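**Q** I am sharing run31.csv, which consists of CSV, C-alpha atoms:
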```csv
chain,number,residue,atom,x,y,z
A,1,MET,CA,0.0,0.0,0.0
A,2,SER,CA,1.5,3.3,-1.0
A,3,ALA,CA,1.8,6.3,1.4
A,4,ALA,CA,-0.7,8.3,-0.7
A,5,VAL,CA,-3.4,5.7,-0.2
A,6,VAL,CA,-2.8,5.6,3.5
A,7,THR,CA,-3.1,9.4,3.7
A,8,ALA,CA,-6.4,9.3,1.7
A,9,GLU,CA,-7.8,6.6,4.0
A,10,VAL,CA,-6.8,8.6,7.1
A,11,ALA,CA,-8.2,11.8,5.6
A,12,TYR,CA,-11.5,10.1,4.8
A,13,VAL,CA,-12.0,8.7,8.3
A,14,LEU,CA,-10.9,12.0,9.8
A,15,ARG,CA,-13.6,13.9,7.8
A,16,LEU,CA,-16.3,11.6,9.2
A,17,ALA,CA,-14.9,11.9,12.7
A,18,ASP,CA,-14.4,15.7,12.6
A,19,ASP,CA,-17.9,16.3,11.2
A,20,ALA,CA,-19.4,14.5,14.2
A,21,LEU,CA,-16.9,15.9,16.8
A,22,VAL,CA,-17.3,19.5,15.7
A,23,LEU,CA,-21.1,19.3,15.5
A,24,ALA,CA,-21.2,17.7,18.9
A,25,GLN,CA,-19.1,20.6,20.3
A,26,ARG,CA,-21.4,23.2,18.6
A,27,LEU,CA,-24.6,21.6,20.0
A,28,ALA,CA,-23.1,21.2,23.5
A,29,GLY,CA,-22.5,25.0,23.3
A,30,GLN,CA,-26.3,25.4,23.0
A,31,LEU,CA,-27.0,23.8,26.3
A,32,THR,CA,-29.2,26.0,28.5
A,33,ARG,CA,-29.9,28.2,25.4
A,34,ALA,CA,-32.7,26.3,23.8
A,35,PRO,CA,-36.3,27.7,24.0
A,36,GLN,CA,-37.4,25.0,26.3
A,37,LEU,CA,-35.9,22.6,28.8
A,38,GLU,CA,-36.9,19.5,26.8
A,39,GLU,CA,-35.0,21.0,23.9
A,40,ASP,CA,-31.8,21.4,25.9
A,41,VAL,CA,-32.1,17.7,26.7
A,42,ALA,CA,-32.7,16.8,23.1
A,43,LEU,CA,-29.8,18.8,21.7
A,44,SER,CA,-27.4,17.4,24.4
A,45,ASN,CA,-28.6,13.9,23.6
A,46,ILE,CA,-27.9,14.5,19.9
A,47,ALA,CA,-24.5,16.0,20.8
A,48,LEU,CA,-23.7,12.9,22.9
A,49,ASP,CA,-24.6,10.5,20.0
A,50,LEU,CA,-22.3,12.5,17.7
A,51,LEU,CA,-19.5,12.5,20.2
A,52,GLY,CA,-20.0,8.8,20.6
A,53,GLN,CA,-19.7,8.3,16.9
A,54,ALA,CA,-16.6,10.6,16.6
A,55,ARG,CA,-14.5,8.7,19.3
A,56,PRO,CA,-14.1,5.3,17.7
A,57,LEU,CA,-13.6,7.0,14.3
A,58,LEU,CA,-10.8,9.2,15.7
A,59,THR,CA,-9.2,6.1,17.3
A,60,ARG,CA,-9.4,4.3,13.9
A,61,ALA,CA,-7.9,7.3,12.1
A,62,GLY,CA,-5.0,7.2,14.5
A,63,GLU,CA,-4.5,3.4,13.9
A,64,LEU,CA,-4.6,3.9,10.1
A,65,GLU,CA,-2.1,6.7,10.4
A,66,GLY,CA,0.2,4.5,12.4
A,67,ALA,CA,2.0,7.3,14.2
A,68,GLY,CA,0.7,6.4,17.6
A,69,ARG,CA,-1.9,9.2,18.0
A,70,SER,CA,-4.9,8.5,20.2
A,71,GLU,CA,-8.4,9.9,20.0
A,72,ASP,CA,-7.4,12.5,22.5
A,73,ASP,CA,-4.3,13.5,20.6
A,74,LEU,CA,-6.4,13.9,17.5
A,75,ALA,CA,-9.2,15.8,19.2
A,76,TYR,CA,-7.2,18.1,21.4
A,77,LEU,CA,-3.8,18.5,19.9
A,78,ARG,CA,-4.4,19.1,16.2
A,79,GLU,CA,-4.2,22.6,14.8
A,80,GLU,CA,-7.1,24.2,13.0
A,81,ARG,CA,-5.7,23.4,9.5
A,82,ALA,CA,-5.5,19.7,10.4
A,83,PHE,CA,-9.3,19.5,11.0
A,84,LEU,CA,-11.2,18.1,8.0
A,85,ASN,CA,-14.8,18.8,8.9
A,86,CYS,CA,-17.1,20.5,6.6
A,87,GLN,CA,-17.7,24.2,7.3
A,88,LEU,CA,-21.5,23.7,7.9
A,89,VAL,CA,-20.9,22.1,11.3
A,90,GLU,CA,-18.6,24.8,12.6
A,91,VAL,CA,-20.7,27.9,11.8
A,92,PRO,CA,-21.9,29.4,15.0
A,93,GLU,CA,-25.7,29.7,15.3
A,94,ARG,CA,-27.3,33.0,16.1
A,95,ASP,CA,-30.7,31.7,17.0
A,96,PHE,CA,-32.6,28.4,17.5
A,97,ALA,CA,-33.8,28.4,13.9
A,98,GLU,CA,-30.2,28.2,12.7
A,99,THR,CA,-29.6,25.3,15.1
A,100,ILE,CA,-32.5,23.4,13.5
A,101,ALA,CA,-31.7,24.4,10.0
A,102,ARG,CA,-28.2,23.0,10.3
A,103,GLN,CA,-29.6,19.8,12.0
A,104,LEU,CA,-31.9,19.4,9.0
A,105,LEU,CA,-29.3,20.0,6.3
A,106,PHE,CA,-26.7,17.8,8.1
A,107,SER,CA,-28.8,14.9,9.3
A,108,CYS,CA,-30.4,14.5,5.8
A,109,TYR,CA,-26.9,14.1,4.5
A,110,GLN,CA,-25.5,12.0,7.3
A,111,LEU,CA,-28.3,9.5,7.4
A,112,PRO,CA,-28.0,8.1,3.9
A,113,LEU,CA,-24.2,8.4,4.2
A,114,TYR,CA,-24.2,6.2,7.3
A,115,ARG,CA,-26.6,3.7,5.7
A,116,VAL,CA,-24.1,3.2,2.8
A,117,LEU,CA,-21.1,3.2,5.1
A,118,ALA,CA,-22.6,0.4,7.2
A,119,THR,CA,-21.2,-1.9,4.4
A,120,SER,CA,-17.7,-0.2,4.5
A,121,THR,CA,-14.8,-2.6,4.1
A,122,ASP,CA,-13.4,-1.1,7.3
A,123,GLU,CA,-15.0,-2.8,10.3
A,124,VAL,CA,-14.9,0.3,12.6
A,125,VAL,CA,-16.4,2.6,10.0
A,126,ALA,CA,-19.1,0.0,9.3
A,127,GLY,CA,-19.8,-0.5,13.0
A,128,VAL,CA,-20.1,3.2,13.8
A,129,ALA,CA,-22.2,3.8,10.7
A,130,GLU,CA,-24.6,0.9,11.3
A,131,LYS,CA,-25.2,2.0,14.9
A,132,GLY,CA,-25.0,5.7,14.0
A,133,ALA,CA,-27.7,5.4,11.3
A,134,LYS,CA,-30.3,4.5,13.9
A,135,GLU,CA,-29.3,7.5,16.0
A,136,VAL,CA,-29.2,9.9,13.1
A,137,ASP,CA,-32.6,8.7,11.9
A,138,TYR,CA,-33.9,10.1,15.2
A,139,HIS,CA,-31.9,13.3,14.8
A,140,ARG,CA,-33.3,13.9,11.4
A,141,ASP,CA,-36.8,13.3,12.6
A,142,HIS,CA,-36.3,15.8,15.4
A,143,ALA,CA,-35.0,18.4,12.9
A,144,VAL,CA,-38.0,17.7,10.5
A,145,GLN,CA,-40.5,18.2,13.3
A,146,TRP,CA,-39.0,21.5,14.3
A,147,THR,CA,-38.7,22.7,10.7
A,148,LEU,CA,-42.4,22.0,10.2
A,149,ARG,CA,-43.3,23.7,13.5
A,150,LEU,CA,-41.2,26.8,12.9
A,151,GLY,CA,-41.7,27.1,9.1
A,152,ASP,CA,-45.5,26.6,9.3
A,153,GLY,CA,-45.8,28.4,12.6
A,154,THR,CA,-46.1,32.1,13.3
A,155,ASP,CA,-45.0,34.9,10.9
A,156,GLU,CA,-42.0,35.4,13.1
A,157,SER,CA,-41.0,31.7,13.3
A,158,HIS,CA,-41.4,31.4,9.6
A,159,ARG,CA,-39.3,34.5,8.9
A,160,ARG,CA,-36.5,33.3,11.1
A,161,MET,CA,-36.5,29.7,9.8
A,162,GLN,CA,-36.3,31.0,6.2
A,163,ALA,CA,-33.5,33.4,7.2
A,164,ALA,CA,-31.7,30.5,8.9
A,165,LEU,CA,-31.9,28.4,5.7
A,166,GLU,CA,-30.6,31.3,3.6
A,167,ARG,CA,-27.6,31.7,5.9
A,168,LEU,CA,-26.7,28.0,6.0
A,169,TRP,CA,-27.5,27.0,2.4
A,170,PRO,CA,-24.2,28.2,1.0
A,171,TYR,CA,-22.5,25.5,3.1
A,172,ALA,CA,-24.5,22.6,1.8
A,173,ASP,CA,-22.6,22.0,-1.5
A,174,GLU,CA,-19.4,21.1,0.4
A,175,LEU,CA,-21.1,18.0,1.8
A,176,PHE,CA,-21.3,16.5,-1.7
A,177,GLU,CA,-17.9,17.5,-3.2
A,178,SER,CA,-15.8,14.8,-4.8
A,179,ASP,CA,-12.1,14.9,-4.6
A,180,ASP,CA,-9.1,12.5,-4.6
A,181,VAL,CA,-9.9,11.4,-1.0
A,182,THR,CA,-13.5,10.5,-1.7
A,183,ARG,CA,-12.7,8.8,-5.0
A,184,ALA,CA,-10.0,6.7,-3.3
A,185,ALA,CA,-12.3,5.8,-0.5
A,186,ALA,CA,-15.1,4.8,-2.9
A,187,ALA,CA,-12.7,2.8,-5.0
A,188,SER,CA,-11.3,0.8,-2.0
A,189,GLY,CA,-14.8,0.2,-0.5
A,190,LEU,CA,-13.8,2.2,2.6
A,191,GLY,CA,-16.3,4.9,1.9
A,192,VAL,CA,-18.5,6.5,-0.7
A,193,ASP,CA,-18.3,9.4,-3.2
A,194,PRO,CA,-20.8,11.9,-1.6
A,195,ALA,CA,-21.7,13.3,-5.0
A,196,GLY,CA,-24.0,10.3,-5.4
A,197,LEU,CA,-26.0,11.3,-2.3
A,198,ARG,CA,-27.0,14.7,-3.7
A,199,ALA,CA,-30.1,13.9,-5.6
A,200,GLY,CA,-31.6,12.0,-2.7
A,201,TRP,CA,-30.7,14.8,-0.3
A,202,ASP,CA,-32.4,17.4,-2.6
A,203,ALA,CA,-35.6,15.4,-2.8
A,204,ASP,CA,-35.6,14.7,0.9
A,205,VAL,CA,-35.0,18.3,2.0
A,206,ASP,CA,-37.2,19.8,-0.7
A,207,ALA,CA,-40.2,17.7,0.5
A,208,VAL,CA,-39.7,18.9,4.1
A,209,LEU,CA,-39.4,22.6,3.0
A,210,ALA,CA,-42.5,22.3,0.9
A,211,GLU,CA,-44.5,20.9,3.8
A,212,ALA,CA,-43.1,23.6,6.1
A,213,THR,CA,-44.1,26.3,3.7
A,214,LEU,CA,-40.5,27.3,3.3
A,215,THR,CA,-38.7,28.2,0.1
A,216,ARG,CA,-35.5,26.6,-1.1
A,217,PRO,CA,-32.8,29.3,-1.1
A,218,GLN,CA,-30.9,30.2,-4.2
A,219,PRO,CA,-27.5,31.1,-2.8
A,220,VAL,CA,-25.2,33.3,-4.8
A,221,ARG,CA,-22.1,32.0,-3.2
A,222,ARG,CA,-20.7,28.6,-2.1
A,223,ALA,CA,-18.6,28.1,1.0
A,224,THR,CA,-16.1,25.4,0.8
A,225,GLY,CA,-12.6,24.4,2.0
A,226,GLY,CA,-13.2,22.5,5.3
A,227,ARG,CA,-12.3,19.1,3.7
A,228,ARG,CA,-8.9,20.6,2.9
A,229,GLY,CA,-8.5,22.2,6.4
A,230,VAL,CA,-9.6,25.7,5.4
A,231,HIS,CA,-12.1,26.9,7.9
A,232,THR,CA,-14.2,29.9,8.8
A,233,GLU,CA,-13.1,32.4,11.4
A,234,ALA,CA,-15.3,30.7,13.9
A,235,MET,CA,-13.3,27.5,13.9
A,236,GLY,CA,-10.4,28.9,15.9
A,237,TYR,CA,-12.7,30.0,18.7
A,238,LEU,CA,-14.4,26.6,18.7
A,239,LEU,CA,-11.1,24.8,19.0
A,240,ALA,CA,-9.8,27.2,21.7
A,241,GLU,CA,-12.8,26.3,23.8
A,242,MET,CA,-12.7,22.6,23.1
A,243,GLN,CA,-8.9,22.2,23.5
A,244,HIS,CA,-8.1,24.7,26.2
A,245,LEU,CA,-8.4,22.4,29.2
A,246,HIS,CA,-6.4,19.5,27.7
A,247,ARG,CA,-3.7,21.7,26.5
A,248,SER,CA,-3.4,23.7,29.7
A,249,HIS,CA,-3.4,20.5,31.9
A,250,PRO,CA,-2.0,17.7,29.8
A,251,GLY,CA,-3.3,14.3,30.9
A,252,ALA,CA,-6.1,15.8,33.0
A,253,THR,CA,-8.9,13.3,33.7
A,254,TRP,CA,-12.2,13.4,35.5
B,1,MET,CA,-24.8,-6.7,37.4
B,2,PRO,CA,-27.1,-3.7,37.5
B,3,ASP,CA,-27.1,-1.1,34.7
B,4,PRO,CA,-25.7,2.2,36.2
B,5,GLU,CA,-28.5,4.4,34.6
B,6,VAL,CA,-31.4,2.0,35.1
B,7,PRO,CA,-30.4,0.0,38.1
B,8,VAL,CA,-33.6,-2.1,38.1
B,9,LEU,CA,-32.2,-3.9,35.1
B,10,THR,CA,-29.1,-6.0,34.8
B,11,ILE,CA,-26.8,-5.5,31.8
B,12,ALA,CA,-28.0,-8.9,30.6
B,13,ASP,CA,-31.7,-7.9,30.9
B,14,LEU,CA,-30.8,-4.9,28.8
B,15,GLY,CA,-29.0,-6.9,26.1
B,16,VAL,CA,-25.8,-4.8,26.7
B,17,LEU,CA,-23.9,-8.0,27.8
B,18,ARG,CA,-23.4,-10.0,24.7
B,19,ALA,CA,-21.0,-12.8,25.7
B,20,VAL,CA,-18.7,-14.1,28.4
B,21,GLU,CA,-16.0,-16.4,27.1
B,22,GLU,CA,-13.1,-18.1,28.8
B,23,ASP,CA,-9.8,-18.3,26.9
B,24,GLY,CA,-7.0,-20.0,28.7
B,25,GLY,CA,-7.8,-18.7,32.1
B,26,ARG,CA,-8.6,-15.2,30.8
B,27,LEU,CA,-12.2,-14.0,30.8
B,28,ARG,CA,-13.4,-12.1,27.8
B,29,VAL,CA,-16.6,-10.1,28.4
B,30,THR,CA,-18.2,-8.6,25.3
B,31,VAL,CA,-20.5,-5.6,25.7
B,32,THR,CA,-22.3,-3.3,23.2
B,33,PRO,CA,-23.5,0.2,23.9
B,34,THR,CA,-27.1,1.1,23.8
B,35,TYR,CA,-26.2,4.5,22.1
B,36,SER,CA,-22.9,5.5,20.7
B,37,GLY,CA,-22.3,8.2,23.3
B,38,CYS,CA,-23.8,6.3,26.2
B,39,PRO,CA,-21.9,7.8,29.2
B,40,ALA,CA,-22.6,4.7,31.3
B,41,MET,CA,-20.3,2.5,29.2
B,42,ASP,CA,-17.1,3.4,31.1
B,43,ALA,CA,-18.9,2.7,34.4
B,44,ILE,CA,-20.2,-0.6,33.0
B,45,ARG,CA,-16.7,-1.7,32.0
B,46,ASP,CA,-15.3,-0.8,35.4
B,47,ASP,CA,-18.2,-2.5,37.2
B,48,VAL,CA,-17.7,-5.7,35.2
B,49,VAL,CA,-14.0,-5.8,36.1
B,50,ARG,CA,-14.7,-5.1,39.7
B,51,ALA,CA,-17.5,-7.6,40.0
B,52,LEU,CA,-15.4,-10.4,38.4
B,53,ALA,CA,-12.4,-9.5,40.6
B,54,ALA,CA,-14.6,-9.9,43.7
B,55,GLU,CA,-15.4,-13.4,42.4
B,56,GLY,CA,-11.8,-14.2,42.0
B,57,PHE,CA,-11.4,-13.6,38.3
B,58,GLY,CA,-8.4,-11.3,38.0
B,59,ASP,CA,-7.6,-11.7,34.3
B,60,VAL,CA,-10.5,-10.0,32.6
B,61,GLU,CA,-10.8,-8.2,29.2
B,62,VAL,CA,-13.9,-6.2,28.4
B,63,VAL,CA,-14.4,-5.8,24.7
B,64,THR,CA,-16.8,-3.2,23.2
B,65,VAL,CA,-18.4,-4.2,19.9
B,66,LEU,CA,-20.6,-1.9,17.8
B,67,SER,CA,-21.9,-4.4,15.3
B,68,PRO,CA,-24.5,-5.9,15.3
B,69,ALA,CA,-25.9,-2.7,16.7
B,70,TRP,CA,-27.8,-2.9,20.0
B,71,THR,CA,-31.6,-3.0,19.7
B,72,THR,CA,-34.3,-2.9,22.3
B,73,ALA,CA,-35.5,-6.2,20.7
B,74,TRP,CA,-32.8,-7.8,22.7
B,75,MET,CA,-34.3,-6.8,26.0
B,76,SER,CA,-35.5,-9.8,27.9
B,77,ASP,CA,-39.1,-10.4,29.0
B,78,GLU,CA,-37.9,-10.3,32.5
B,79,GLY,CA,-36.3,-6.9,31.8
B,80,ARG,CA,-39.5,-5.6,30.4
B,81,ARG,CA,-41.5,-6.7,33.4
B,82,LYS,CA,-38.9,-5.1,35.8
B,83,LEU,CA,-39.0,-1.8,33.8
B,84,ALA,CA,-42.8,-1.5,34.0
B,85,ALA,CA,-42.8,-2.3,37.7
B,86,TYR,CA,-40.1,0.4,38.2
B,87,GLY,CA,-42.4,3.0,36.4
B,88,ILE,CA,-40.7,3.0,33.0
B,89,ALA,CA,-42.8,2.0,30.0
B,90,PRO,CA,-40.8,-0.8,28.3
B,91,PRO,CA,-40.0,-0.9,24.5
B,92,GLN,CA,-42.5,-2.8,22.4
B,93,ARG,CA,-40.5,-4.4,19.6
B,94,ARG,CA,-39.2,-7.9,20.2
B,95,ALA,CA,-36.6,-10.0,18.4
B,96,ASP,CA,-39.2,-12.7,17.6
B,97,GLY,CA,-42.8,-12.3,16.5
B,98,PRO,CA,-44.4,-9.8,14.2
B,99,VAL,CA,-43.6,-6.1,14.1
B,100,LEU,CA,-46.4,-4.3,15.7
B,101,VAL,CA,-47.1,-0.7,14.6
B,102,ALA,CA,-48.9,2.2,16.1
B,103,LEU,CA,-49.3,0.6,19.5
B,104,SER,CA,-50.0,3.0,22.2
B,105,VAL,CA,-47.6,3.2,25.1
B,106,ARG,CA,-49.3,2.2,28.2
B,107,CYS,CA,-49.0,4.2,31.4
B,108,PRO,CA,-46.8,2.2,33.8
B,109,GLN,CA,-48.7,3.7,36.8
B,110,CYS,CA,-52.4,3.1,35.9
B,111,GLY,CA,-52.2,1.0,32.7
B,112,SER,CA,-54.1,3.4,30.6
B,113,PRO,CA,-53.3,3.4,26.9
B,114,ARG,CA,-54.2,7.1,26.6
B,115,THR,CA,-50.7,8.6,26.8
B,116,ARG,CA,-48.9,11.3,24.8
B,117,GLU,CA,-45.3,12.2,24.1
B,118,LEU,CA,-44.0,15.2,26.0
B,119,ALA,CA,-40.5,15.1,24.7
B,120,ARG,CA,-38.7,12.8,22.2
B,121,PHE,CA,-35.5,12.9,24.2
B,122,GLY,CA,-35.7,12.0,27.9
B,123,SER,CA,-33.4,11.9,30.9
B,124,THR,CA,-31.0,9.5,29.1
B,125,SER,CA,-30.5,8.7,25.4
B,126,CYS,CA,-32.6,5.6,25.6
B,127,LYS,CA,-35.7,7.2,27.0
B,128,ALA,CA,-38.5,9.6,25.9
B,129,LEU,CA,-40.8,11.5,28.2
B,130,ARG,CA,-44.6,10.8,28.1
B,131,GLN,CA,-47.6,11.7,30.1
B,132,CYS,CA,-50.7,9.7,30.9
B,133,GLU,CA,-54.0,11.5,29.9
B,134,ASP,CA,-55.9,9.6,32.6
B,135,CYS,CA,-53.8,9.7,35.8
B,136,ARG,CA,-51.8,12.7,34.5
B,137,GLU,CA,-48.5,11.2,35.7
B,138,PRO,CA,-45.5,11.9,33.5
B,139,PHE,CA,-43.3,8.8,32.9
B,140,ASP,CA,-40.3,7.7,31.1
B,141,HIS,CA,-40.6,5.4,28.0
B,142,PHE,CA,-37.7,3.2,27.0
B,143,LYS,CA,-37.7,4.0,23.3
B,144,ASP,CA,-37.8,1.3,20.6
B,145,HIS,CA,-34.5,1.5,19.0
```
Spell out the structure here as structure tokens.
**A**
Amino acid sequence: MSAAVVTAEVAYVLRLADDALVLAQRLAGQLTRAPQLEEDVALSNIALDLLGQARPLLTRAGELEGAGRSEDDLAYLREERAFLNCQLVEVPERDFAETIARQLLFSCYQLPLYRVLATSTDEVVAGVAEKGAKEVDYHRDHAVQWTLRLGDGTDESHRRMQAALERLWPYADELFESDDVTRAAAASGLGVDPAGLRAGWDADVDAVLAEATLTRPQPVRRATGGRRGVHTEAMGYLLAEMQHLHRSHPGATW
Amino acid sequence: MPDPEVPVLTIADLGVLRAVEEDGGRLRVTVTPTYSGCPAMDAIRDDVVRALAAEGFGDVEVVTVLSPAWTTAWMSDEGRRKLAAYGIAPPQRRADGPVLVALSVRCPQCGSPRTRELARFGSTSCKALRQCEDCREPFDHFKDH
């Protein structure tokens, strides 16, 4: 196996892990800020599921890399440019509608992705995906229920839900971008080329938006770069919060 | 061994304990998490090692497997009875038998089928919060998963 293939494998698994890890961190940051107590519980439950998916994936990426890095090393000691999550999961939300909009866009992508990855040639990826698909199905349903409630709710909730979609839509394209890493993963059976998930995602999301009386945005720009380690301004702040304790007190445990 | 979050159930009742094998004097215990991020998994692993050590088994390996993914269909009948008696409505799906749809969740306090969901996510990942329309008691429902 050439070094380039190993690198692509590691990158592919890191992308999966970092999406879950960074979104878990974002959702955990919403704790106590949801509109109702039950929603705080829901968002923290979802964050916990995602964190649980990220951990074995990070461990696996470390094994594939073969440089002795643990899940903690990868989560807490990488620099911003080494994180390969999509930008959608790192964008900070400004209100609850944006939290829900992101959950809708992301879980409608992650659910079919995990369903396919359940047959990955990599046992860890397949195991996480098989289990994760059941969890993400629930996350997606939660996001759909709220999208309907906010979109088809009051004038104010409709306005804010539509605004949330407009803000986050430019980040959606990145989820489906093909590059050398996804093509190598698809060729080896480790992963899938996400471009093939686009049509299903469009149909799924469009149906929800129609029922919620929301309009599909027509963005004039596309945000991309996360898969190559290029992030938004918000990413550094997110990592500072996530990594501060571990870096200040190496080896600290509960 | 009781589950740390739902102590009325053992980890065998719950289906979290998958296998116990002996391999040349070493015990290998296989467990599977209910949910990926279940925070009780570390406590379960520690409890297994401690319980076996107390019984004289010093060489113990606890292995976590993700696949096949845990499902509430693995919960034992005994476990379902214990949950209901504890005040938590048990999951409905079973490993054998037909798949039943649109069943109402019965109130574990008064037995009424007239209950409604208050929140899809409850006190732990595996539970949702419901309320009985007759006796008005809120209760946890162990979700089908």
**Q** Which one is closest to chain B: A:Arg160, A:His142, A:Arg78, A:Arg102? Count only C-alpha atoms.
**A**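 Using only C-alpha atoms, chain B sits closest to A:His142.
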**Q** Could you work out which residues of chain A fall inside 9 Å of chain B? Count all atoms listed in the file, and format the result as a ChimeraX atom specification.
**A** /A:38-39,41-43,45-53,55,123-124,126-128,130-132,134-135,138,142
**Q** Would you list the contacts of Ala89 in chain B as a list in words, taking every protein, DNA or RNA residue within 8 Å and counting only C-alpha atoms, but skipping same-chain residues closer than 5 positions in sequence?
**A**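 Near Ala89 in chain B, the qualifying residues are Leu83, Ala84, Val105, Arg106, Cys107, Pro108, Phe139, Asp140, His141 and Phe142 of chain B.
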**Q** Counting only C-alpha atoms, what is within 9 Å of Glu133 in chain B, bar same-chain residues fewer than 5 positions away, as a PyMOL selection string?
**A** chain B and resi 107+112-116
**Q** Have a look at A:Asp141, A:Glu80, A:Glu233, A:Glu156 and name the one nearest to Asp204 in chain A; count only C-alpha atoms.
**A**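 Of the candidates, the smallest distance to Asp204 in chain A is held by A:Asp141.
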**Q** Please identify all polymer residues within 12 Å of Asp47 in chain B, counting only C-alpha atoms, omitting same-chain residues fewer than 5 positions from it, and present them as a CSV table (one decimal) with C-alpha atoms, keeping the file's coordinate frame.
**A**
```
chain,number,residue,atom,x,y,z
B,1,MET,CA,-24.8,-6.7,37.4
B,2,PRO,CA,-27.1,-3.7,37.5
B,3,ASP,CA,-27.1,-1.1,34.7
B,4,PRO,CA,-25.7,2.2,36.2
B,10,THR,CA,-29.1,-6.0,34.8
B,11,ILE,CA,-26.8,-5.5,31.8
B,29,VAL,CA,-16.6,-10.1,28.4
B,40,ALA,CA,-22.6,4.7,31.3
B,41,MET,CA,-20.3,2.5,29.2
B,42,ASP,CA,-17.1,3.4,31.1
B,52,LEU,CA,-15.4,-10.4,38.4
B,53,ALA,CA,-12.4,-9.5,40.6
B,54,ALA,CA,-14.6,-9.9,43.7
B,60,VAL,CA,-10.5,-10.0,32.6
B,62,VAL,CA,-13.9,-6.2,28.4
```
**Q** List as a list of chain:residue names the residues having at least one atom at most 10 Å from position (-24.1, 4.6, 2.7) as given in the file, counting all atoms listed in the file.
**A**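 Protein and nucleic acid residues near the point are A:Gln110, A:Leu111, A:Pro112, A:Leu113, A:Tyr114, A:Arg115, A:Val116, A:Leu117, A:Ala118, A:Thr119, A:Ser120, A:Ala126, A:Ala129, A:Glu130, A:Ala133, A:Gly191, A:Val192, A:Asp193, A:Pro194, A:Gly196, A:Leu197.
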**Q** With a cut-off of 10 Å, could you pull out the residues of range 111-227 of chain A touching range 88-99 of chain A and give me the nearest pair of atoms for each, distance in Å to one decimal, using only C-alpha atoms, ordered by chain and ascending number, as CSV?
**A**
```
residue,atom,partner,partner_atom,distance
A:Ala143,CA,A:Thr99,CA,9.0
A:Trp146,CA,A:Ala97,CA,8.6
A:Thr147,CA,A:Ala97,CA,8.2
A:Leu150,CA,A:Ala97,CA,7.6
A:Gly151,CA,A:Ala97,CA,9.3
A:Ser157,CA,A:Ala97,CA,7.9
A:His158,CA,A:Ala97,CA,9.2
A:Arg159,CA,A:Ala97,CA,9.6
A:Arg160,CA,A:Ala97,CA,6.3
A:Met161,CA,A:Ala97,CA,5.1
A:Gln162,CA,A:Ala97,CA,8.5
A:Ala163,CA,A:Glu98,CA,8.3
A:Ala164,CA,A:Glu98,CA,4.7
A:Leu165,CA,A:Glu98,CA,7.2
A:Glu166,CA,A:Glu98,CA,9.6
A:Arg167,CA,A:Glu98,CA,8.1
A:Leu168,CA,A:Leu88,CA,7.0
A:Trp169,CA,A:Leu88,CA,8.8
A:Pro170,CA,A:Leu88,CA,8.7
A:Tyr171,CA,A:Leu88,CA,5.2
A:Ala172,CA,A:Leu88,CA,6.9
A:Asp173,CA,A:Leu88,CA,9.6
A:Glu174,CA,A:Leu88,CA,8.2
A:Leu175,CA,A:Leu88,CA,8.4
A:Ala223,CA,A:Leu88,CA,8.7
A:Thr224,CA,A:Leu88,CA,9.1
A:Gly226,CA,A:Leu88,CA,8.8
```
**Q** Select all residues near (-37.5, -4.7, 36.4) (cut-off 12 Å, inclusive, file coordinates), counting all atoms listed in the file, and output them as a list in words.
**A** Pro2, Asp3, Val6, Pro7, Val8, Leu9, Thr10, Ile11, Ala12, Asp13, Leu14, Met75, Ser76, Asp77, Glu78, Gly79, Arg80, Arg81, Lys82, Leu83, Ala84, Ala85, Tyr86, Gly87, Ile88, Ala89, Pro90 and Pro108 of chain B
**Q** If you measure from CA of Arg81 in chain A to CA of Gly229 in chain A, what distance in Å do you get, rounded to one decimal?
**A**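 Taking CA of Arg81 in chain A and CA of Gly229 in chain A, their separation equals 4.3 Å.
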**Q** So how far away is CA of Tyr109 in chain A from CA of Arg227 in chain A, in Å?
**A**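 Here the two named atoms are 15.5 Å from each other.
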**Q** Determine the nearest neighbour of Asp179 in chain A from the options A:Ala195, A:Val13, A:Ile100, A:Ala210, counting all atoms listed in the file.
**A**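 The shortest atom-to-atom distance to Asp179 in chain A comes from A:Ala195.
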**Q** May I ask for the distance between CA of Val230 in chain A and CA of Phe83 in chain A, given in Å to one decimal place?
**A**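 Between CA of Val230 in chain A and CA of Phe83 in chain A the gap works out to 8.4 Å.
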**Q** Measuring atom to atom with all atoms listed in the file, identify which of A:Thr182, A:Thr32, A:Ser44, A:Gln218 is nearest to Arg15 in chain A.
**A**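 Ranked by minimum distance to Arg15 in chain A, first place goes to A:Thr182.
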**Q** Pick from B:Leu17, B:Cys132, B:Gln109, B:Thr72: nearest to Arg45 in chain B, with all atoms listed in the file counted?
**A**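 Closest to Arg45 in chain B of all the choices is B:Leu17.
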**Q** Go through A:Leu239, A:Val208, A:Ala17, A:Val181 and flag the residue nearest Asn85 in chain A, using all atoms listed in the file for the distances.
**A**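 Going through A:Leu239, A:Val208, A:Ala17, A:Val181 one by one, the smallest distance to Asn85 in chain A is for A:Ala17.
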